[in-house]
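data.cif, holding mmCIF, C-alpha atoms:
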data_target
#
loop_
_atom_site.label_atom_id
_atom_site.label_comp_id
_atom_site.auth_asym_id
_atom_site.auth_seq_id
_atom_site.Cartn_x
_atom_site.Cartn_y
_atom_site.Cartn_z
CA MET A 1387 88.93 -9.56 93.25
CA ASN A 1388 91.58 -6.84 93.48
CA ALA A 1389 95.30 -7.17 92.86
CA ASN A 1390 96.17 -7.41 96.57
CA ALA A 1391 93.71 -10.24 97.08
CA LEU A 1392 95.06 -12.09 94.04
CA SER A 1393 98.62 -11.66 95.31
CA THR A 1394 97.68 -12.89 98.78
CA ASN A 1395 95.87 -15.89 97.32
CA ALA A 1396 98.84 -16.78 95.09
CA SER A 1397 101.23 -16.41 98.00
CA GLY A 1398 99.06 -18.66 100.13
CA GLN A 1399 98.93 -21.32 97.42
CA ALA A 1400 102.70 -21.19 97.01
CA ARG A 1401 103.20 -21.52 100.75
CA ARG A 1402 100.82 -24.50 100.91
CA ALA A 1403 102.71 -26.13 98.02
CA ALA A 1404 105.97 -25.64 99.94
CA ARG A 1405 104.45 -27.51 102.89
CA SER A 1406 102.75 -30.18 100.77
CA ARG A 1407 103.21 -33.93 100.84
CA ALA A 1408 104.75 -33.77 97.36
CA MET A 1409 107.45 -31.37 98.58
CA ASP A 1410 108.11 -33.66 101.55
CA ILE A 1411 108.59 -36.64 99.25
CA GLY A 1412 110.81 -34.63 96.89
CA ALA A 1413 113.09 -33.46 99.70
CA ARG A 1414 113.46 -36.95 101.14
CA ALA A 1415 114.17 -38.40 97.70
CA GLY A 1416 116.87 -35.74 97.35
CA PHE A 1417 118.54 -36.88 100.55
CA VAL A 1418 118.50 -40.46 99.24
CA ALA A 1419 120.14 -39.30 96.00
CA ARG A 1420 122.78 -37.29 97.87
CA GLY A 1421 123.52 -40.38 99.95
CA VAL A 1422 124.01 -42.49 96.83
CA ILE A 1423 126.52 -40.01 95.41
CA TYR A 1424 128.57 -39.74 98.61
CA LEU A 1425 128.54 -43.48 99.15
CA LEU A 1426 129.83 -44.08 95.62
CA VAL A 1427 132.49 -41.36 95.99
CA GLY A 1428 133.63 -43.07 99.19
CA ILE A 1429 133.85 -46.43 97.42
CA LEU A 1430 135.79 -44.89 94.52
CA ALA A 1431 138.18 -43.24 96.99
CA LEU A 1432 138.77 -46.63 98.64
CA ARG A 1433 139.73 -48.06 95.26
CA ILE A 1434 142.23 -45.23 94.79
CA ALA A 1435 143.69 -45.85 98.24
CA PHE A 1436 144.56 -49.44 97.36
CA SER A 1437 145.34 -48.97 93.65
CA ASP A 1438 145.01 -46.24 91.03
CA GLY A 1439 141.23 -46.47 91.08
CA GLY A 1440 141.09 -48.04 87.62
CA GLY A 1441 141.02 -44.63 85.98
CA LYS A 1442 137.85 -43.63 87.88
CA GLN A 1443 137.39 -40.14 89.29
CA ALA A 1444 136.51 -40.01 92.99
CA ASP A 1445 134.04 -37.16 92.59
CA ARG A 1446 130.46 -36.56 91.48
CA GLY A 1447 131.34 -37.20 87.84
CA GLY A 1448 132.96 -40.51 88.74
CA ALA A 1449 129.88 -41.53 90.72
CA ILE A 1450 127.59 -40.68 87.79
CA ALA A 1451 129.78 -42.66 85.38
CA GLU A 1452 129.78 -45.59 87.81
CA ILE A 1453 125.97 -45.62 87.89
CA ALA A 1454 125.74 -45.34 84.11
CA GLU A 1455 127.76 -48.54 83.70
CA LYS A 1456 125.32 -50.60 85.77
CA PRO A 1457 122.26 -52.47 84.44
CA PHE A 1458 119.41 -49.99 83.98
CA GLY A 1459 121.98 -47.26 84.59
CA SER A 1460 120.11 -44.72 82.45
CA VAL A 1461 116.91 -45.28 84.42
CA LEU A 1462 118.81 -44.90 87.69
CA LEU A 1463 120.36 -41.64 86.50
CA TRP A 1464 116.95 -40.22 85.57
CA ALA A 1465 115.66 -41.17 89.02
CA LEU A 1466 118.74 -39.65 90.67
CA GLY A 1467 118.45 -36.41 88.70
CA LEU A 1468 114.74 -36.02 89.44
CA ALA A 1469 115.34 -36.72 93.12
CA LEU A 1470 117.99 -33.99 93.21
CA ALA A 1471 115.51 -31.67 91.50
CA GLY A 1472 113.16 -32.40 94.38
CA MET A 1473 115.92 -31.39 96.79
CA ALA A 1474 116.48 -28.17 94.83
CA LEU A 1475 112.79 -27.26 94.93
CA TRP A 1476 112.65 -27.90 98.67
CA ARG A 1477 115.66 -25.64 99.23
CA LEU A 1478 113.95 -22.99 97.09
CA SER A 1479 110.84 -23.23 99.26
CA GLU A 1480 113.04 -22.74 102.34
CA ALA A 1481 114.57 -19.64 100.76
CA LEU A 1482 111.14 -18.21 99.97
CA PHE A 1483 109.16 -19.21 103.05
CA GLY A 1484 111.74 -20.15 105.70
CA GLN A 1485 112.92 -23.44 107.16
CA ALA A 1486 111.18 -25.70 109.63
CA GLY A 1487 111.82 -24.62 113.22
CA ALA A 1488 111.50 -21.51 115.37
CA ASP A 1489 114.38 -19.60 113.74
CA GLY A 1490 113.76 -20.76 110.17
CA ASP A 1491 112.82 -17.29 108.95
CA LYS A 1492 116.22 -15.73 109.68
CA PRO A 1493 117.70 -13.96 106.61
CA GLY A 1494 120.95 -15.88 106.94
CA LYS A 1495 119.17 -19.24 106.82
CA ARG A 1496 117.13 -18.14 103.83
CA ALA A 1497 120.27 -17.01 102.02
CA MET A 1498 121.95 -20.35 102.74
CA ALA A 1499 118.87 -22.17 101.44
CA ALA A 1500 119.02 -20.08 98.26
CA ALA A 1501 122.68 -21.02 97.74
CA ARG A 1502 121.84 -24.68 98.25
CA PHE A 1503 118.99 -24.37 95.75
CA VAL A 1504 121.42 -23.10 93.11
CA PHE A 1505 123.88 -25.90 93.88
CA TYR A 1506 121.34 -28.74 93.78
CA ALA A 1507 119.66 -27.28 90.69
CA PHE A 1508 123.04 -27.36 88.92
CA VAL A 1509 123.78 -30.93 90.09
CA SER A 1510 120.31 -32.09 89.04
CA TYR A 1511 120.72 -30.47 85.62
CA SER A 1512 124.13 -32.10 85.08
CA VAL A 1513 122.82 -35.56 86.04
CA LEU A 1514 119.70 -35.27 83.88
CA SER A 1515 121.76 -33.95 80.96
CA TYR A 1516 124.07 -36.95 81.27
CA ALA A 1517 121.07 -39.31 81.40
CA ALA A 1518 119.72 -37.64 78.23
CA GLY A 1519 122.95 -38.38 76.39
CA ASP A 1520 125.19 -35.38 77.05
CA THR A 1521 128.07 -37.35 78.55
CA SER A 1522 130.20 -34.23 78.80
CA SER A 1523 127.77 -32.72 81.29
CA GLY A 1524 127.65 -34.81 84.42
CA SER A 1525 130.82 -36.86 84.33
CA GLY A 1526 133.46 -34.23 83.63
CA SER A 1527 136.54 -34.31 85.81
CA SER A 1528 136.23 -31.90 88.73
CA ASP A 1529 140.02 -31.50 88.60
CA ARG A 1530 140.04 -30.34 84.98
CA GLN A 1531 137.09 -28.03 85.58
CA THR A 1532 138.78 -26.55 88.65
CA ASP A 1533 142.02 -25.97 86.70
CA ASP A 1534 140.15 -24.30 83.84
CA VAL A 1535 138.12 -22.00 86.08
CA THR A 1536 141.16 -21.09 88.19
CA ALA A 1537 143.29 -20.37 85.12
CA ARG A 1538 140.64 -18.05 83.67
CA ALA A 1539 140.14 -16.28 86.99
CA LEU A 1540 143.86 -15.69 87.45
CA GLU A 1541 143.95 -13.90 84.09
CA TRP A 1542 141.48 -11.27 85.30
CA THR A 1543 142.49 -8.01 86.94
CA GLY A 1544 142.69 -8.83 90.63
CA GLY A 1545 142.38 -12.50 89.75
CA GLN A 1546 144.73 -13.61 92.51
CA TRP A 1547 142.55 -11.89 95.08
CA ILE A 1548 139.39 -13.41 93.61
CA VAL A 1549 140.81 -16.94 93.66
CA GLY A 1550 142.28 -16.42 97.12
CA ILE A 1551 139.02 -15.12 98.56
CA ALA A 1552 137.09 -17.96 96.92
CA GLY A 1553 139.54 -20.43 98.46
CA ALA A 1554 139.15 -18.78 101.86
CA VAL A 1555 135.36 -19.02 101.57
CA VAL A 1556 135.54 -22.74 100.72
CA THR A 1557 137.99 -23.33 103.57
CA GLY A 1558 135.72 -21.44 105.96
CA ALA A 1559 132.71 -23.41 104.75
CA GLY A 1560 134.58 -26.66 105.33
CA LEU A 1561 135.55 -25.69 108.87
CA TRP A 1562 131.96 -24.58 109.52
CA ILE A 1563 130.61 -27.92 108.24
CA ALA A 1564 133.06 -29.83 110.43
CA PHE A 1565 132.25 -27.71 113.50
CA ARG A 1566 128.50 -28.20 113.07
CA ALA A 1567 129.01 -31.94 112.76
CA LEU A 1568 131.19 -32.13 115.87
CA ALA A 1569 128.72 -29.97 117.80
CA ARG A 1570 125.85 -32.16 116.54
CA LYS A 1571 123.94 -29.16 115.31
CA TYR A 1572 122.00 -31.50 113.04
CA HIS A 1573 120.01 -32.71 116.06
CA LYS A 1574 117.62 -29.77 115.76
CA HIS A 1575 116.82 -30.71 112.16
CA LEU A 1576 116.07 -34.38 112.89
CA LYS A 1577 113.16 -36.06 114.65
CA MET A 1578 115.44 -37.44 117.37
CA ALA A 1579 112.51 -38.33 119.65
CA GLU A 1580 111.26 -40.84 117.07
CA MET A 1581 114.54 -42.79 117.12
CA SER A 1582 115.44 -45.61 119.45
CA LYS A 1583 118.53 -45.16 121.62
CA ARG A 1584 120.58 -47.44 119.36
CA THR A 1585 119.41 -45.63 116.25
CA ARG A 1586 120.35 -42.25 117.76
CA GLN A 1587 123.81 -43.58 118.54
CA ALA A 1588 124.23 -44.86 114.97
CA VAL A 1589 123.03 -41.56 113.50
CA ASP A 1590 125.51 -39.68 115.70
CA VAL A 1591 128.37 -41.91 114.55
CA VAL A 1592 127.74 -41.34 110.84
CA GLY A 1593 126.67 -37.71 111.39
CA VAL A 1594 129.72 -36.65 113.37
CA PHE A 1595 132.26 -38.76 111.48
CA GLY A 1596 130.80 -38.15 108.02
CA GLY A 1597 130.19 -34.44 108.53
CA THR A 1598 133.66 -33.84 109.96
CA VAL A 1599 135.37 -35.63 107.09
CA ARG A 1600 133.23 -33.82 104.52
CA GLY A 1601 134.20 -30.52 106.11
CA ALA A 1602 137.88 -31.50 106.13
CA VAL A 1603 137.76 -32.29 102.39
CA PHE A 1604 136.17 -28.91 101.64
CA ALA A 1605 138.71 -27.09 103.83
CA THR A 1606 141.60 -28.89 102.13
CA ALA A 1607 140.30 -28.04 98.66
CA GLY A 1608 139.99 -24.41 99.73
CA GLY A 1609 143.57 -24.46 100.97
CA PHE A 1610 144.77 -25.63 97.56
CA ALA A 1611 142.88 -22.74 95.92
CA ILE A 1612 144.58 -20.27 98.28
CA ALA A 1613 147.96 -21.78 97.36
CA ALA A 1614 147.11 -21.42 93.65
CA ALA A 1615 146.31 -17.74 94.20
CA ILE A 1616 149.46 -16.99 96.20
CA GLN A 1617 151.76 -18.80 93.74
CA HIS A 1618 149.75 -17.79 90.64
CA GLU A 1619 149.68 -21.41 89.50
CA PRO A 1620 146.26 -22.74 88.39
CA GLY A 1621 147.51 -26.31 88.76
CA ARG A 1622 147.74 -25.84 92.52
CA ALA A 1623 143.94 -25.73 92.75
CA LYS A 1624 142.39 -29.18 92.99
CA GLY A 1625 138.96 -30.66 92.44
CA MET A 1626 137.58 -33.34 94.73
CA ASP A 1627 139.39 -36.20 92.99
CA ASP A 1628 142.86 -34.63 93.24
CA THR A 1629 142.09 -33.39 96.75
CA LEU A 1630 141.32 -36.93 97.84
CA ARG A 1631 144.39 -38.31 96.08
CA SER A 1632 146.54 -35.73 97.90
CA PHE A 1633 145.80 -37.48 101.20
CA THR A 1634 147.89 -40.44 100.00
CA GLU A 1635 150.92 -38.13 99.86
CA THR A 1636 150.92 -37.55 103.62
CA PRO A 1637 153.11 -39.56 106.04
CA ALA A 1638 150.06 -41.73 106.75
CA GLY A 1639 150.09 -42.82 103.12
CA PRO A 1640 146.95 -44.43 101.68
CA TRP A 1641 145.53 -45.11 105.15
CA LEU A 1642 144.52 -41.48 105.61
CA LEU A 1643 142.59 -41.69 102.33
CA VAL A 1644 140.96 -44.88 103.62
CA LEU A 1645 139.76 -42.92 106.66
CA ILE A 1646 138.52 -40.08 104.44
CA ALA A 1647 136.77 -42.54 102.12
CA LEU A 1648 134.98 -44.19 105.03
CA GLY A 1649 133.94 -40.76 106.27
CA LEU A 1650 132.43 -39.81 102.92
CA ALA A 1651 130.57 -43.12 102.81
CA ALA A 1652 129.38 -42.44 106.37
CA PHE A 1653 128.03 -39.08 105.22
CA GLY A 1654 126.13 -40.95 102.52
CA LEU A 1655 124.52 -43.08 105.24
CA PHE A 1656 123.81 -39.94 107.26
CA SER A 1657 122.02 -38.49 104.22
CA TRP A 1658 119.80 -41.57 104.19
CA ALA A 1659 119.05 -41.00 107.89
CA ASN A 1660 117.99 -37.46 106.92
CA ALA A 1661 115.68 -38.95 104.30
CA ARG A 1662 113.91 -40.81 107.09
CA TRP A 1663 113.97 -38.41 110.04
CA ARG A 1664 114.56 -34.89 108.66
CA LYS A 1665 112.04 -32.21 109.65
CA ILE A 1666 110.79 -30.93 106.29
#
What is this structure when it is put down as structure tokens?
Amino acid sequence: MNANALSTNASGQARRAARSRAMDIGARAGFVARGVIYLLVGILALRIAFSDGGGKQADRGGAIAEIAEKPFGSVLLWALGLALAGMALWRLSEALFGQAGADGDKPGKRAMAAARFVFYAFVSYSVLSYAAGDTSSGSGSSDRQTDDVTARALEWTGGQWIVGIAGAVVTGAGLWIAFRALARKYHKHLKMAEMSKRTRQAVDVVGVFGGTVRGAVFATAGGFAIAAAIQHEPGRAKGMDDTLRSFTETPAGPWLLVLIALGLAAFGLFSWANARWRKI
């Protein structure tokens, strides 16, 4: 068997693995895990809206710490981390072989899948590291991490431009996420025909509301990064926890954060709907 035949055979095996039942299960488990994290972040944000949150961070680290404190918390964290690894592998398969659907092979979609692979691989690693005993890995404050990264970046030559552009990218991503939710672009990724009318209505409620709020949070965080760049003050940049807390400083007071918290929880429920009806 020559080299070309071996390469073709290996490529075929990889493609079949990407379309396998195991990959399907891994991707759906990943959506369940993502839903758990967003639901917990929403609950933590609600606590902050009505009090100080008891010292909890309303971000991924806070959600991981919350799980760790529960009975069998370590087991749950291992399950969560492995499920997110399944999500990462599925996104990698999309980057290599394209997404489900007629336009899944577009370079832009593959590039986005590659970026999502990197993100979920990092999140999975941080959760599994925390479960293995490295408590500084998964539960670190997103606010402190954001401050540290921003401060280092601002010290570089052209650092203000780098931070500003990064903030603009995050803001743009947030607006894009919100637009896609409002336009219900997720319909093409879900098996809508398999849902009852009432189920479709419920999925649209959590999909539109949750996706729009998630996009608004990203856009707001990006805006803070732009402000940090313009004013050359690292402290202006905010992680998710401080971004959420900033909503209590608006004229609407804590009630705007309540709305945001409910939206993040709704996105968690929407993630669970993806676990059931997503086209893998």
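In this comparison, which uses all atoms listed in the file, the residue of A:Glu1580, A:Asp1533, A:Asp1520, A:Asp1489 approaching Gly1625 in chain A most closely is A:Asp1533.
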* Structure fact -> Gln1617 in chain A proximity check over A:Trp1547, A:Trp1476, A:Phe1633, A:Phe1436, using all atoms listed in the file: winner is A:Trp1547
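Restricting the calculation to all atoms listed in the file, the smallest distance between Ala1651 in chain A and any of A:Gly1472, A:Pro1457, A:Gly1596, A:Gly1416 is found for A:Gly1596.
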* Structure fact -> Correct to one decimal, the distance CA of Ala1552 in chain A-CA of Ala1605 in chain A is 11.6 Å
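Between Leu1648 in chain A and the candidates A:Ala1611, A:Ile1551, A:Ile1429, A:Ile1423, the tightest atom-to-atom separation, counting all atoms listed in the file, involves A:Ile1429.
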* Straight-line distance linking CA of Ile1548 in chain A with CA of Gly1494 in chain A, stated in Å to one decimal -> 22.9 Å
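Shortest separation to Pro1640 in chain A among A:Val1504, A:Val1427, A:Ala1435, A:Ala1419 occurs at residue A:Ala1435, atoms counted being only C-alpha atoms.
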* Asked: Can you list what the PyMOL selection byres ((chain A and resi 1609) around 12) grabs from this structure, as number ranges by chain?
  -> A: 1549-1561, 1602-1608, 1610-1616, 1622-1625, 1629
* Exercise: residues within 8 Å of coordinate (126.7, -38.5, 99.5), counting only C-alpha atoms, as JSON, numbers by chain -> {"A": [1419, 1420, 1421, 1422, 1423, 1424, 1425, 1426, 1427, 1650, 1651, 1653, 1654, 1655, 1657]}
Residues of the last selection are to be written out with C-alpha atoms, as a PDB file, keeping the file's coordinate frame.
ATOM      1  CA  ALA A1419     120.140 -39.300  96.000  1.00  0.00           C
ATOM      2  CA  ARG A1420     122.780 -37.290  97.870  1.00  0.00           C
ATOM      3  CA  GLY A1421     123.520 -40.380  99.950  1.00  0.00           C
ATOM      4  CA  VAL A1422     124.010 -42.490  96.830  1.00  0.00           C
ATOM      5  CA  ILE A1423     126.520 -40.010  95.410  1.00  0.00           C
ATOM      6  CA  TYR A1424     128.570 -39.740  98.610  1.00  0.00           C
ATOM      7  CA  LEU A1425     128.540 -43.480  99.150  1.00  0.00           C
ATOM      8  CA  LEU A1426     129.830 -44.080  95.620  1.00  0.00           C
ATOM      9  CA  VAL A1427     132.490 -41.360  95.990  1.00  0.00           C
ATOM     10  CA  LEU A1650     132.430 -39.810 102.920  1.00  0.00           C
ATOM     11  CA  ALA A1651     130.570 -43.120 102.810  1.00  0.00           C
ATOM     12  CA  PHE A1653     128.030 -39.080 105.220  1.00  0.00           C
ATOM     13  CA  GLY A1654     126.130 -40.950 102.520  1.00  0.00           C
ATOM     14  CA  LEU A1655     124.520 -43.080 105.240  1.00  0.00           C
ATOM     15  CA  SER A1657     122.020 -38.490 104.220  1.00  0.00           C
TER      16      SER A1657
END
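Computed from the coordinates, the CA of Gly1519 in chain A to CA of Met1473 in chain A distance equals 22.7 Å.
Within 10 Å of Phe1505 in chain A, once only C-alpha atoms are used and residues closer than 5 positions along the same chain are dropped, the contacting residues are Ala1474, Arg1477, Ala1499, Ala1500, Ser1510 and Tyr1511 of chain A.
With all atoms listed in the file as the atoms that count, the residue of A:Ser1632, A:Lys1492, A:Ala1431, A:Trp1542 with the shortest distance to Gly1649 in chain A is A:Ala1431.
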* Quick one: residues within 9 Å of Trp1464 in chain A, only C-alpha atoms counted, chain neighbours fewer than 5 positions away excluded, as a ChimeraX atom specification? -> /A:1459,1469,1513-1514,1516-1518
Taking all atoms of range 1596-1602 of chain A that the file lists and extending 3 Å past them on each side, where is the centre of the axis-aligned box and how long are its edges? Answer in Å to one decimal, as AutoDock Vina command-line options.
--center_x 134.0 --center_y -34.3 --center_z 107.2 --size_x 13.7 --size_y 13.6 --size_z 11.4
* **Point (134.8, -38.8, 91.1) neighbourhood (8 Å, only C-alpha atoms) written as a PyMOL selection string** => chain A and resi 1427+1430+1442-1449+1527-1528+1626-1627
* Given the file shown, determine the residues that the PyMOL selection byres ((chain A and resi 1410) around 10) selects; report them as a PyMOL selection string. => chain A and resi 1403-1409+1411-1416+1472-1473+1476+1661+1664-1666
